[in-house]
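Enquirer: Following this line is protein.txt, made up of compact mmCIF, C-alpha atoms:
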# COMPACT_ATOMS: atom_id res chain seq x y z
CA MET A 11 39.44 10.30 8.45
CA LYS A 12 36.03 11.88 8.34
CA VAL A 13 32.74 10.58 6.90
CA PHE A 14 29.27 12.14 6.90
CA CYS A 15 26.56 9.78 8.09
CA ASN A 16 22.91 10.91 7.86
CA GLY A 17 24.20 14.47 7.86
CA GLU A 18 26.60 14.16 10.83
CA ALA A 19 30.39 14.22 10.60
CA GLN A 20 32.14 11.26 12.22
CA GLU A 21 35.80 10.42 12.69
CA ILE A 22 36.59 6.79 11.73
CA ALA A 23 39.66 4.62 11.05
CA PRO A 24 41.08 5.02 7.51
CA GLY A 25 39.86 2.45 4.98
CA MET A 26 37.11 1.07 7.21
CA LEU A 27 34.70 -1.34 5.48
CA VAL A 28 30.98 -0.51 5.50
CA ALA A 29 30.23 -3.73 7.41
CA ASP A 30 32.70 -2.80 10.16
CA TYR A 31 31.34 0.72 10.33
CA LEU A 32 27.77 -0.58 10.81
CA SER A 33 29.01 -2.97 13.46
CA GLN A 34 30.79 -0.11 15.25
CA LEU A 35 27.46 1.76 15.29
CA GLY A 36 25.85 -1.31 16.87
CA LEU A 37 23.63 -1.92 13.83
CA ASP A 38 22.63 -5.29 12.40
CA ALA A 39 23.88 -4.98 8.81
CA SER A 40 21.09 -7.21 7.46
CA SER A 41 18.41 -4.68 8.41
CA VAL A 42 20.11 -1.56 7.05
CA VAL A 43 20.04 -0.08 3.54
CA VAL A 44 23.25 1.82 2.77
CA GLU A 45 23.64 4.62 0.26
CA CYS A 46 27.30 5.56 -0.10
CA ASP A 47 28.27 8.58 -2.20
CA GLY A 48 24.95 8.45 -4.03
CA LYS A 49 24.98 4.72 -4.79
CA ILE A 50 22.83 2.04 -3.14
CA LEU A 51 25.18 -0.75 -2.11
CA THR A 52 24.28 -4.41 -2.63
CA ARG A 53 24.27 -6.55 0.49
CA LYS A 54 27.51 -8.21 -0.72
CA GLU A 55 29.30 -4.87 -1.05
CA TYR A 56 28.95 -4.16 2.69
CA GLY A 57 31.86 -6.54 3.30
CA SER A 58 34.06 -5.20 0.50
CA HIS A 59 33.34 -1.48 0.13
CA ALA A 60 35.94 0.66 1.93
CA LEU A 61 34.87 4.12 3.06
CA GLN A 62 36.87 7.08 1.75
CA ASP A 63 37.76 10.30 3.51
CA GLY A 64 34.72 12.56 3.02
CA SER A 65 32.35 9.71 2.06
CA VAL A 66 28.69 10.64 2.42
CA LEU A 67 26.53 7.88 3.86
CA GLU A 68 22.78 7.60 4.22
CA LEU A 69 21.66 4.70 6.40
CA ILE A 70 18.04 3.54 6.39
CA ARG A 71 17.43 1.19 9.28
CA PHE A 72 14.47 -1.18 9.59
CA VAL A 73 12.79 -2.73 12.60
CA GLY A 74 10.67 -5.87 12.29
CA GLY A 75 6.91 -6.26 12.20
CA GLY A 76 4.25 -6.57 9.55
CA MET B 17 -28.57 15.04 -19.56
CA LEU B 18 -28.14 13.14 -16.31
CA LEU B 19 -26.03 10.02 -15.87
CA VAL B 20 -28.18 7.51 -14.00
CA ASN B 21 -26.37 4.27 -13.17
CA GLU B 22 -23.98 5.40 -15.94
CA LYS B 23 -26.76 5.61 -18.56
CA GLU B 24 -27.81 8.94 -20.06
CA VAL B 25 -31.24 10.11 -18.99
CA PHE B 26 -33.02 13.26 -20.20
CA PHE B 27 -32.91 16.17 -17.73
CA HIS B 28 -35.57 18.86 -17.36
CA ALA B 29 -35.37 22.01 -15.27
CA GLY B 30 -36.71 21.72 -11.72
CA MET B 31 -36.41 17.93 -11.71
CA THR B 32 -36.03 16.41 -8.23
CA LEU B 33 -34.51 13.09 -7.20
CA ALA B 34 -38.07 11.93 -6.38
CA ASP B 35 -39.09 12.60 -10.04
CA LEU B 36 -36.11 10.59 -11.25
CA VAL B 37 -36.80 7.66 -8.90
CA ARG B 38 -40.46 7.57 -9.96
CA GLU B 39 -39.43 7.53 -13.60
CA GLN B 40 -36.49 5.08 -13.39
CA ASP B 41 -37.02 2.67 -10.49
CA PRO B 42 -39.72 3.37 -7.91
CA ALA B 43 -38.34 0.59 -5.66
CA ALA B 44 -34.88 2.16 -5.40
CA ASP B 45 -34.02 3.11 -1.81
CA ILE B 46 -30.28 3.83 -2.01
CA LEU B 47 -29.82 7.15 -3.77
CA LEU B 48 -26.52 8.85 -4.55
CA VAL B 49 -26.01 12.14 -6.35
CA ASN B 50 -22.44 12.97 -7.40
CA GLY B 51 -21.02 10.42 -4.99
CA TYR B 52 -23.04 11.40 -1.92
CA PRO B 53 -26.25 10.01 -0.41
CA ALA B 54 -29.09 12.40 -1.23
CA SER B 55 -32.73 12.87 -0.18
CA LEU B 56 -35.74 12.59 -2.49
CA GLN B 57 -36.24 16.38 -2.25
CA THR B 58 -32.85 17.06 -3.85
CA VAL B 59 -33.21 19.31 -6.89
CA LEU B 60 -31.06 17.93 -9.70
CA SER B 61 -28.80 19.91 -12.03
CA ASP B 62 -27.96 19.18 -15.62
CA GLY B 63 -24.94 16.82 -15.75
CA ASP B 64 -25.50 15.26 -12.31
CA ARG B 65 -24.35 11.68 -11.85
CA CYS B 66 -26.99 9.65 -10.01
CA TRP B 67 -27.01 6.14 -8.68
CA LEU B 68 -30.30 4.43 -7.84
CA TRP B 69 -30.22 1.05 -6.18
CA ARG B 70 -32.46 -1.38 -4.29
CA ARG B 71 -31.12 -2.20 -0.83
CA GLY B 72 -29.78 -5.77 -0.65
CA LYS B 73 -29.54 -6.33 -4.42
CA ALA B 74 -26.15 -7.75 -5.55
CA PRO B 75 -24.51 -5.79 -8.39
CA SER B 76 -23.16 -7.31 -11.62
CA ALA B 77 -19.54 -6.66 -12.58
CA GLU B 78 -20.55 -3.70 -14.71
CA GLU B 79 -22.83 -2.28 -12.02
CA MET B 80 -20.11 -2.72 -9.37
CA ARG B 81 -17.75 -0.71 -11.54
CA HIS B 82 -20.39 1.98 -11.99
CA LEU B 83 -21.05 2.01 -8.27
CA LEU B 84 -17.37 2.71 -7.57
CA TYR B 85 -17.48 5.43 -10.20
CA ALA B 86 -20.53 6.91 -8.48
CA ARG B 87 -18.86 6.76 -5.06
CA HIS B 88 -15.46 8.24 -5.98
CA SER B 89 -14.49 11.67 -7.21
CA PRO B 90 -14.48 12.07 -10.99
CA GLY B 91 -11.26 10.73 -12.54
CA VAL B 92 -10.25 8.63 -9.54
CA GLN B 93 -11.89 5.40 -10.59
CA GLY B 94 -10.81 5.48 -14.20
CA CYS B 95 -7.20 5.89 -13.08
CA LEU B 96 -7.17 3.27 -10.31
CA GLN B 97 -8.73 0.56 -12.42
CA GLU B 98 -5.88 0.85 -14.92
CA ARG B 99 -3.18 0.38 -12.27
CA VAL B 100 -1.25 -2.67 -11.04
CA VAL B 101 0.03 -2.83 -7.45
CA GLY B 102 2.40 -5.45 -6.03
CA ILE B 103 2.28 -6.40 -2.35
CA MET B 104 5.22 -8.23 -0.73
CA GLY B 105 4.09 -10.11 2.37
CA LEU B 106 0.45 -10.78 3.22
CA GLY B 107 0.44 -10.48 7.02
CA GLY B 108 -0.94 -7.72 9.20
CA LEU B 109 0.12 -5.02 6.74
CA GLY B 110 -0.31 -6.77 3.40
CA SER B 111 -3.75 -8.27 4.03
CA VAL B 112 -5.07 -4.85 5.12
CA VAL B 113 -3.44 -2.98 2.21
CA ALA B 114 -4.86 -5.48 -0.32
CA ILE B 115 -8.42 -5.20 1.01
CA ALA B 116 -8.29 -1.40 1.12
CA LEU B 117 -7.00 -1.20 -2.46
CA ALA B 118 -9.64 -3.71 -3.64
CA ARG B 119 -12.41 -1.67 -2.00
CA MET B 120 -11.11 1.43 -3.74
CA GLY B 121 -11.27 -0.34 -7.09
CA ILE B 122 -7.63 -0.93 -8.00
CA GLY B 123 -7.38 -2.81 -11.30
CA SER B 124 -4.83 -5.52 -10.53
CA LEU B 125 -3.01 -6.86 -7.49
CA LEU B 126 0.11 -9.00 -7.54
CA LEU B 127 0.22 -10.73 -4.14
CA ALA B 128 3.30 -12.51 -2.76
CA ASP B 129 3.66 -14.70 0.34
CA TYR B 130 5.04 -18.18 1.07
CA ASP B 131 3.26 -18.91 4.33
CA VAL B 132 -0.02 -20.45 5.49
CA VAL B 133 -2.63 -18.90 7.79
CA GLU B 134 -1.89 -19.76 11.43
CA PRO B 135 -3.94 -19.16 14.59
CA THR B 136 -1.32 -16.66 15.82
CA ASN B 137 -2.00 -14.48 12.74
CA LEU B 138 -5.61 -13.80 13.60
CA ASN B 139 -4.88 -11.08 16.18
CA ARG B 140 -4.14 -8.64 13.37
CA GLN B 141 -4.35 -10.22 9.94
CA GLN B 142 -7.56 -10.18 7.92
CA TYR B 143 -7.99 -13.98 7.68
CA PHE B 144 -10.72 -16.07 9.29
CA VAL B 145 -10.62 -19.06 11.64
CA ASP B 146 -11.95 -21.32 8.88
CA GLN B 147 -8.95 -20.39 6.69
CA ILE B 148 -6.31 -21.71 9.11
CA GLY B 149 -3.92 -23.95 7.19
CA GLN B 150 -4.67 -22.37 3.79
CA LYS B 151 -1.96 -20.60 1.83
CA LYS B 152 -2.17 -16.88 2.59
CA THR B 153 -2.12 -16.05 -1.12
CA GLU B 154 -5.19 -18.19 -1.78
CA ALA B 155 -6.97 -17.23 1.44
CA LEU B 156 -6.55 -13.52 0.66
CA ARG B 157 -7.68 -13.99 -2.94
CA ASP B 158 -10.87 -15.63 -1.60
CA ILE B 159 -11.50 -12.66 0.73
CA LEU B 160 -10.86 -10.16 -2.09
CA GLN B 161 -13.30 -12.03 -4.32
CA ARG B 162 -16.00 -11.39 -1.73
CA VAL B 163 -15.07 -7.71 -1.37
CA ASN B 164 -14.70 -6.78 -5.03
CA PRO B 165 -14.75 -9.65 -7.52
CA HIS B 166 -13.58 -7.36 -10.31
CA VAL B 167 -9.99 -6.93 -9.18
CA ALA B 168 -7.58 -9.08 -11.22
CA VAL B 169 -5.49 -10.98 -8.66
CA THR B 170 -2.22 -12.77 -9.48
CA LEU B 171 -0.50 -14.87 -6.82
CA ILE B 172 3.20 -15.43 -6.20
CA ASP B 173 3.36 -18.33 -3.79
CA ARG B 174 7.01 -18.44 -2.78
CA ARG B 175 9.55 -16.95 -0.42
CA LEU B 176 10.88 -13.81 -2.10
CA ALA B 177 14.61 -13.17 -2.38
CA GLU B 178 16.31 -9.84 -3.02
CA ASP B 179 17.37 -10.84 -6.53
CA ASP B 180 13.83 -11.93 -7.60
CA ILE B 181 12.01 -8.79 -6.63
CA GLY B 182 13.06 -6.74 -9.65
CA VAL B 183 12.02 -9.56 -11.98
CA LEU B 184 8.75 -10.64 -10.34
CA PHE B 185 7.41 -7.10 -9.90
CA LYS B 186 8.60 -5.63 -13.19
CA GLY B 187 5.72 -3.68 -14.74
CA VAL B 188 3.81 -2.82 -11.55
CA HIS B 189 2.96 0.85 -11.01
CA ALA B 190 3.52 0.66 -7.26
CA LEU B 191 5.11 -1.85 -4.91
CA VAL B 192 4.14 -2.11 -1.23
CA GLU B 193 6.61 -3.67 1.21
CA CYS B 194 4.68 -5.48 3.93
CA PHE B 195 7.31 -7.95 5.16
CA ASP B 196 7.66 -8.88 8.82
CA ASP B 197 11.40 -9.61 8.78
CA PRO B 198 13.60 -6.46 8.97
CA ALA B 199 16.23 -8.08 6.72
CA MET B 200 13.60 -8.52 4.00
CA LYS B 201 12.38 -4.96 4.51
CA ALA B 202 15.92 -3.76 3.78
CA ALA B 203 16.25 -6.24 0.90
CA GLY B 204 12.96 -5.05 -0.61
CA LEU B 205 14.02 -1.40 -0.56
CA ARG B 206 17.48 -2.18 -2.00
CA ALA B 207 15.90 -4.26 -4.78
CA ALA B 208 13.40 -1.54 -5.64
CA LEU B 209 16.00 1.26 -5.63
CA ARG B 210 18.45 -0.75 -7.71
CA SER B 211 16.18 -2.58 -10.15
CA LEU B 212 12.72 -0.96 -10.31
CA PRO B 213 13.33 2.65 -11.35
CA GLY B 214 10.13 4.61 -11.84
CA VAL B 215 8.04 2.24 -9.70
CA PHE B 216 6.43 3.92 -6.67
CA TYR B 217 7.46 2.18 -3.44
CA VAL B 218 5.87 2.32 0.01
CA GLY B 219 7.59 0.38 2.82
CA ALA B 220 6.98 0.18 6.56
CA SER B 221 9.08 0.13 9.71
CA GLY B 222 8.06 0.64 13.34
CA LEU B 223 4.42 -0.22 14.01
CA ALA B 224 4.39 -2.73 16.88
CA GLY B 225 2.63 -2.33 20.21
CA TYR B 226 0.02 0.27 21.18
CA GLY B 227 2.12 3.43 21.10
CA GLU B 228 0.81 6.81 20.03
CA ASN B 229 -1.35 6.89 16.92
CA ASN B 230 0.31 10.01 15.59
CA ALA B 231 3.83 8.68 15.92
CA ILE B 232 3.05 6.66 12.78
CA ARG B 233 4.14 8.89 9.91
CA THR B 234 4.62 8.64 6.17
CA ARG B 235 7.92 10.07 5.08
CA ARG B 236 9.51 10.44 1.69
CA ILE B 237 13.03 9.04 1.50
CA TYR B 238 13.63 9.28 -2.26
CA SER B 239 11.56 10.45 -5.20
CA GLY B 240 8.51 8.15 -5.30
CA VAL B 241 9.82 6.13 -2.35
CA TYR B 242 8.14 6.39 1.07
CA LEU B 243 8.41 4.73 4.48
CA VAL B 244 5.53 4.45 6.95
CA GLY B 245 5.86 3.91 10.70
CA ASP B 246 7.45 5.42 13.77
CA GLY B 247 10.82 4.02 12.74
CA VAL B 248 11.58 2.50 16.14
CA SER B 249 8.78 0.22 17.45
CA GLY B 250 9.96 -3.19 16.30
CA ALA B 251 8.15 -6.41 17.15
CA ALA B 252 9.84 -7.80 20.27
CA PRO B 253 8.99 -9.69 23.46
CA GLY B 254 6.69 -7.38 25.43
CA GLN B 255 5.86 -5.35 22.30
CA GLY B 256 3.73 -7.49 20.03
CA LEU B 257 2.05 -6.63 16.78
CA MET B 258 -1.51 -5.45 17.39
CA ALA B 259 -4.37 -5.03 14.97
CA ALA B 260 -5.03 -1.33 15.52
CA ARG B 261 -1.53 0.09 15.13
CA VAL B 262 -0.58 -2.30 12.34
CA GLY B 263 -3.85 -1.25 10.69
CA ILE B 264 -2.98 2.45 11.01
CA ALA B 265 0.35 1.83 9.28
CA ALA B 266 -1.24 -0.37 6.60
CA HIS B 267 -3.82 2.27 5.77
CA HIS B 268 -1.07 4.91 5.59
CA GLN B 269 0.55 2.64 3.02
CA ALA B 270 -2.65 2.09 1.03
CA ASN B 271 -3.51 5.80 1.00
CA GLN B 272 0.04 6.70 0.00
CA VAL B 273 -0.18 4.28 -2.94
CA VAL B 274 -3.46 5.89 -4.03
CA ARG B 275 -1.98 9.40 -3.67
CA LEU B 276 1.01 8.43 -5.78
CA LEU B 277 -1.10 6.70 -8.44
CA LEU B 278 -3.43 9.70 -8.68
CA GLY B 279 -0.56 12.18 -8.89
CA ALA B 280 -1.44 13.88 -5.59
CA GLU B 281 2.18 13.99 -4.38
CA ASN B 282 4.52 16.65 -5.63
CA GLU B 283 7.25 14.36 -6.88
CA ALA B 284 9.33 17.06 -8.56
CA GLY B 285 11.60 17.77 -5.57
What's the structure tokens form of this structure?

Expert:
Amino acid sequence: MKVFCNGEAQEIAPGMLVADYLSQLGLDASSVVVECDGKILTRKEYGSHALQDGSVLELIRFVGGG
Amino acid sequence: MLLVNEKEVFFHAGMTLADLVREQDPAADILLVNGYPASLQTVLSDGDRCWLWRRGKAPSAEEMRHLLYARHSPGVQGCLQERVVGIMGLGGLGSVVAIALARMGIGSLLLADYDVVEPTNLNRQQYFVDQIGQKKTEALRDILQRVNPHVAVTLIDRRLAEDDIGVLFKGVHALVECFDDPAMKAAGLRAALRSLPGVFYVGASGLAGYGENNAIRTRRIYSGVYLVGDGVSGAAPGQGLMAARVGIAAHHQANQVVRLLLGAENEAG
């Protein structure tokens, strides 16, 4: 199935969880804010929210330092 | 009429700053007209705002407020002194943001950190050697007192968690994310987006090392929500946090807060 991540179409396995998707992208889930279909997910939802065909994702990734 | 140190003074045509100084305070040697330093020969206009001061004299609370009024554009000071800004994390970003906002005359600061000042902080954070071991909240409050004693400062001396942020910072006009830990940076943004609607938010990501100045940018990610940094330069072995670049990012944050509070950003889009 297809999802749109930060404007780019990507082919992923059906029913993939957000946490697994982030891991596949090589991202540390703890430092990423995820908006999925217009909704900001809680940190807990990363492990339970399954992506749908056509889901639109916006990922905001943070690096450390302050 | 002129406004001289915020008091009305009679104006007459052809009046110079020298005439005013002679009349009001012949010992004054710091002279501002409409926010700018001016010479004695300056010819005044009706309605001018003047500030006459003796070098080295410490101002009272009221005079300090008037001085900020005299130094800033009309309307700026009155707005900033009514606003409350929260700062999460008082390290290299937060300590700089707080001092900049205090100098600009923000009304209230809500400052949160759980840590104490350590020697390794001094390469970029605004603390002093004699403050090592003090709580950062208290150390920063002491510095702010010396910069502008008329800012109301409230301290939150604890480690913040994602679920507290919406509660602790409810009622602020703007929230500045100055955490070090990338997980808390993400947590701060999630908390603000989910539980602080209508609060301006300015976060930061990517400011380590001594990379290009102009790679540090301020970008809007949602309405009223901005991120500062180059997005990629994380603190890592071989790429430490350094005063200058952290300071560039912190001042982007402070200026963005001021722009948002003063309505300078077009937030309609």

Enquirer: Would you mind listing what lies within 9 Å of B:Tyr143 as a compact mmCIF listing (two decimals) with C-alpha atoms, in the coordinates of the input, with all atoms listed in the file counted and same-chain residues fewer than 6 positions away left out?

Expert:
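Saved as result.txt:
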# COMPACT_ATOMS: atom_id res chain seq x y z
CA SER B 111 -3.75 -8.27 4.03
CA VAL B 133 -2.63 -18.90 7.79
CA ASN B 137 -2.00 -14.48 12.74
CA LYS B 152 -2.17 -16.88 2.59
CA ALA B 155 -6.97 -17.23 1.44
CA LEU B 156 -6.55 -13.52 0.66
CA ILE B 159 -11.50 -12.66 0.73

Enquirer: Would you mind telling me which residue in B:Arg175, B:Arg275, B:Arg119, B:Arg140 lies nearest to B:Ala260 when using all atoms listed in the file?

Expert: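 Checking each candidate against B:Ala260, we get B:Arg140 as the closest.
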
Enquirer: Within 9 Å of (-3.0, -2.9, -14.8) (file coordinates; all atoms listed in the file), which protein or nucleic acid residues are there? I'd like them as a list in words.

Expert: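 Neighbouring residues, ordered by chain and number, come to Leu96, Gln97, Glu98, Arg99, Val100, Val101, Ile122, Gly123, Ser124, Leu125, Ala168, Gly187, Val188 and His189 of chain B.
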
Enquirer: List every residue of chain B that has an atom at most 7 Å from any atom of chain A, and for each one report the closest atom pair and its distance in Å to one decimal, counting all atoms listed in the file, with rows sorted by chain and then by increasing residue number, as JSON lines.

Expert:
{"residue": "B:Gly107", "atom": "CA", "partner": "A:Gly76", "partner_atom": "CA", "distance": 6.0}
{"residue": "B:Gly108", "atom": "CA", "partner": "A:Gly76", "partner_atom": "CA", "distance": 5.3}
{"residue": "B:Leu109", "atom": "CA", "partner": "A:Gly76", "partner_atom": "CA", "distance": 5.2}
{"residue": "B:Cys194", "atom": "CA", "partner": "A:Gly76", "partner_atom": "CA", "distance": 5.7}
{"residue": "B:Phe195", "atom": "CA", "partner": "A:Gly76", "partner_atom": "CA", "distance": 5.5}
{"residue": "B:Asp196", "atom": "CA", "partner": "A:Gly76", "partner_atom": "CA", "distance": 4.2}
{"residue": "B:Asp197", "atom": "CA", "partner": "A:Gly74", "partner_atom": "CA", "distance": 5.2}
{"residue": "B:Pro198", "atom": "CA", "partner": "A:Gly74", "partner_atom": "CA", "distance": 4.5}
{"residue": "B:Ala199", "atom": "CA", "partner": "A:Ser41", "partner_atom": "CA", "distance": 4.4}
{"residue": "B:Lys201", "atom": "CA", "partner": "A:Phe72", "partner_atom": "CA", "distance": 6.7}
{"residue": "B:Ala202", "atom": "CA", "partner": "A:Ser41", "partner_atom": "CA", "distance": 5.3}
{"residue": "B:Arg206", "atom": "CA", "partner": "A:Val43", "partner_atom": "CA", "distance": 6.5}
{"residue": "B:Arg210", "atom": "CA", "partner": "A:Ile50", "partner_atom": "CA", "distance": 6.9}
{"residue": "B:Ser221", "atom": "CA", "partner": "A:Val73", "partner_atom": "CA", "distance": 5.5}
{"residue": "B:Gly222", "atom": "CA", "partner": "A:Val73", "partner_atom": "CA", "distance": 5.9}
{"residue": "B:Leu223", "atom": "CA", "partner": "A:Gly75", "partner_atom": "CA", "distance": 6.8}
{"residue": "B:Ala224", "atom": "CA", "partner": "A:Gly75", "partner_atom": "CA", "distance": 6.4}
{"residue": "B:Val248", "atom": "CA", "partner": "A:Val73", "partner_atom": "CA", "distance": 6.4}
{"residue": "B:Ser249", "atom": "CA", "partner": "A:Val73", "partner_atom": "CA", "distance": 7.0}
{"residue": "B:Gly250", "atom": "CA", "partner": "A:Val73", "partner_atom": "CA", "distance": 4.7}
{"residue": "B:Ala251", "atom": "CA", "partner": "A:Gly75", "partner_atom": "CA", "distance": 5.1}
{"residue": "B:Leu257", "atom": "CA", "partner": "A:Gly75", "partner_atom": "CA", "distance": 6.7}

Enquirer: Quick check, in Å to one decimal: how far apart do atom CA of B:Asp129 and atom CA of B:Val92 lie?

Expert: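 Here the two named atoms are 28.9 Å from each other.
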
Enquirer: Please measure the separation of atom CA of B:Pro165 and atom CA of B:Pro75, giving the value in Å to one decimal.

Expert: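 Atom CA of B:Pro75 lies 10.5 Å from atom CA of B:Pro165.
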
Enquirer: Could you jot down the atom CA of B:Cys66 to atom CA of B:Val37 separation for me, Å, one decimal place?

Expert: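 If I compute the distance from atom CA of B:Cys66 to atom CA of B:Val37, I get 10.1 Å.
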
Enquirer: Could stretch 36-61 of chain B be completed with N, CA and C atoms and returned as a CSV table (one decimal), keeping the file's coordinate frame?

Expert:
chain,number,residue,atom,x,y,z
B,36,LEU,N,-37.0,11.5,-10.6
B,36,LEU,CA,-36.1,10.6,-11.2
B,36,LEU,C,-36.4,9.2,-10.8
B,37,VAL,N,-36.5,9.0,-9.5
B,37,VAL,CA,-36.8,7.7,-8.9
B,37,VAL,C,-38.1,7.1,-9.4
B,38,ARG,N,-39.1,8.0,-9.5
B,38,ARG,CA,-40.5,7.6,-10.0
B,38,ARG,C,-40.4,7.1,-11.4
B,39,GLU,N,-39.6,7.8,-12.2
B,39,GLU,CA,-39.4,7.5,-13.6
B,39,GLU,C,-38.6,6.3,-13.9
B,40,GLN,N,-37.5,6.1,-13.1
B,40,GLN,CA,-36.5,5.1,-13.4
B,40,GLN,C,-36.7,3.8,-12.6
B,41,ASP,N,-36.9,3.9,-11.3
B,41,ASP,CA,-37.0,2.7,-10.5
B,41,ASP,C,-37.7,3.0,-9.2
B,42,PRO,N,-39.0,3.0,-9.1
B,42,PRO,CA,-39.7,3.4,-7.9
B,42,PRO,C,-39.3,2.6,-6.7
B,43,ALA,N,-38.7,1.4,-6.8
B,43,ALA,CA,-38.3,0.6,-5.7
B,43,ALA,C,-36.9,0.9,-5.1
B,44,ALA,N,-36.2,1.8,-5.8
B,44,ALA,CA,-34.9,2.2,-5.4
B,44,ALA,C,-34.9,2.9,-4.0
B,45,ASP,N,-34.0,2.5,-3.1
B,45,ASP,CA,-34.0,3.1,-1.8
B,45,ASP,C,-32.6,3.5,-1.4
B,46,ILE,N,-31.6,3.3,-2.3
B,46,ILE,CA,-30.3,3.8,-2.0
B,46,ILE,C,-30.0,4.8,-3.1
B,47,LEU,N,-29.8,6.1,-2.8
B,47,LEU,CA,-29.8,7.2,-3.8
B,47,LEU,C,-28.6,8.0,-3.6
B,48,LEU,N,-27.7,8.0,-4.6
B,48,LEU,CA,-26.5,8.8,-4.6
B,48,LEU,C,-26.6,9.9,-5.7
B,49,VAL,N,-26.2,11.1,-5.3
B,49,VAL,CA,-26.0,12.1,-6.4
B,49,VAL,C,-24.6,12.7,-6.3
B,50,ASN,N,-23.8,12.5,-7.3
B,50,ASN,CA,-22.4,13.0,-7.4
B,50,ASN,C,-21.6,12.4,-6.2
B,51,GLY,N,-21.9,11.1,-6.0
B,51,GLY,CA,-21.0,10.4,-5.0
B,51,GLY,C,-21.5,10.5,-3.6
B,52,TYR,N,-22.6,11.3,-3.3
B,52,TYR,CA,-23.0,11.4,-1.9
B,52,TYR,C,-24.5,10.9,-1.8
B,53,PRO,N,-24.9,10.3,-0.7
B,53,PRO,CA,-26.2,10.0,-0.4
B,53,PRO,C,-27.1,11.3,-0.4
B,54,ALA,N,-28.3,11.2,-1.1
B,54,ALA,CA,-29.1,12.4,-1.2
B,54,ALA,C,-30.5,12.1,-0.9
B,55,SER,N,-31.3,13.1,-0.5
B,55,SER,CA,-32.7,12.9,-0.2
B,55,SER,C,-33.6,13.0,-1.4
B,56,LEU,N,-34.8,12.5,-1.3
B,56,LEU,CA,-35.7,12.6,-2.5
B,56,LEU,C,-36.0,14.0,-2.9
B,57,GLN,N,-35.9,15.0,-1.9
B,57,GLN,CA,-36.2,16.4,-2.2
B,57,GLN,C,-35.1,17.1,-3.0
B,58,THR,N,-34.0,16.4,-3.2
B,58,THR,CA,-32.8,17.1,-3.8
B,58,THR,C,-33.2,17.5,-5.3
B,59,VAL,N,-33.0,18.8,-5.5
B,59,VAL,CA,-33.2,19.3,-6.9
B,59,VAL,C,-32.0,19.0,-7.7
B,60,LEU,N,-32.2,18.4,-8.9
B,60,LEU,CA,-31.1,17.9,-9.7
B,60,LEU,C,-30.6,19.1,-10.6
B,61,SER,N,-29.3,19.0,-11.0
B,61,SER,CA,-28.8,19.9,-12.0
B,61,SER,C,-28.4,19.1,-13.3
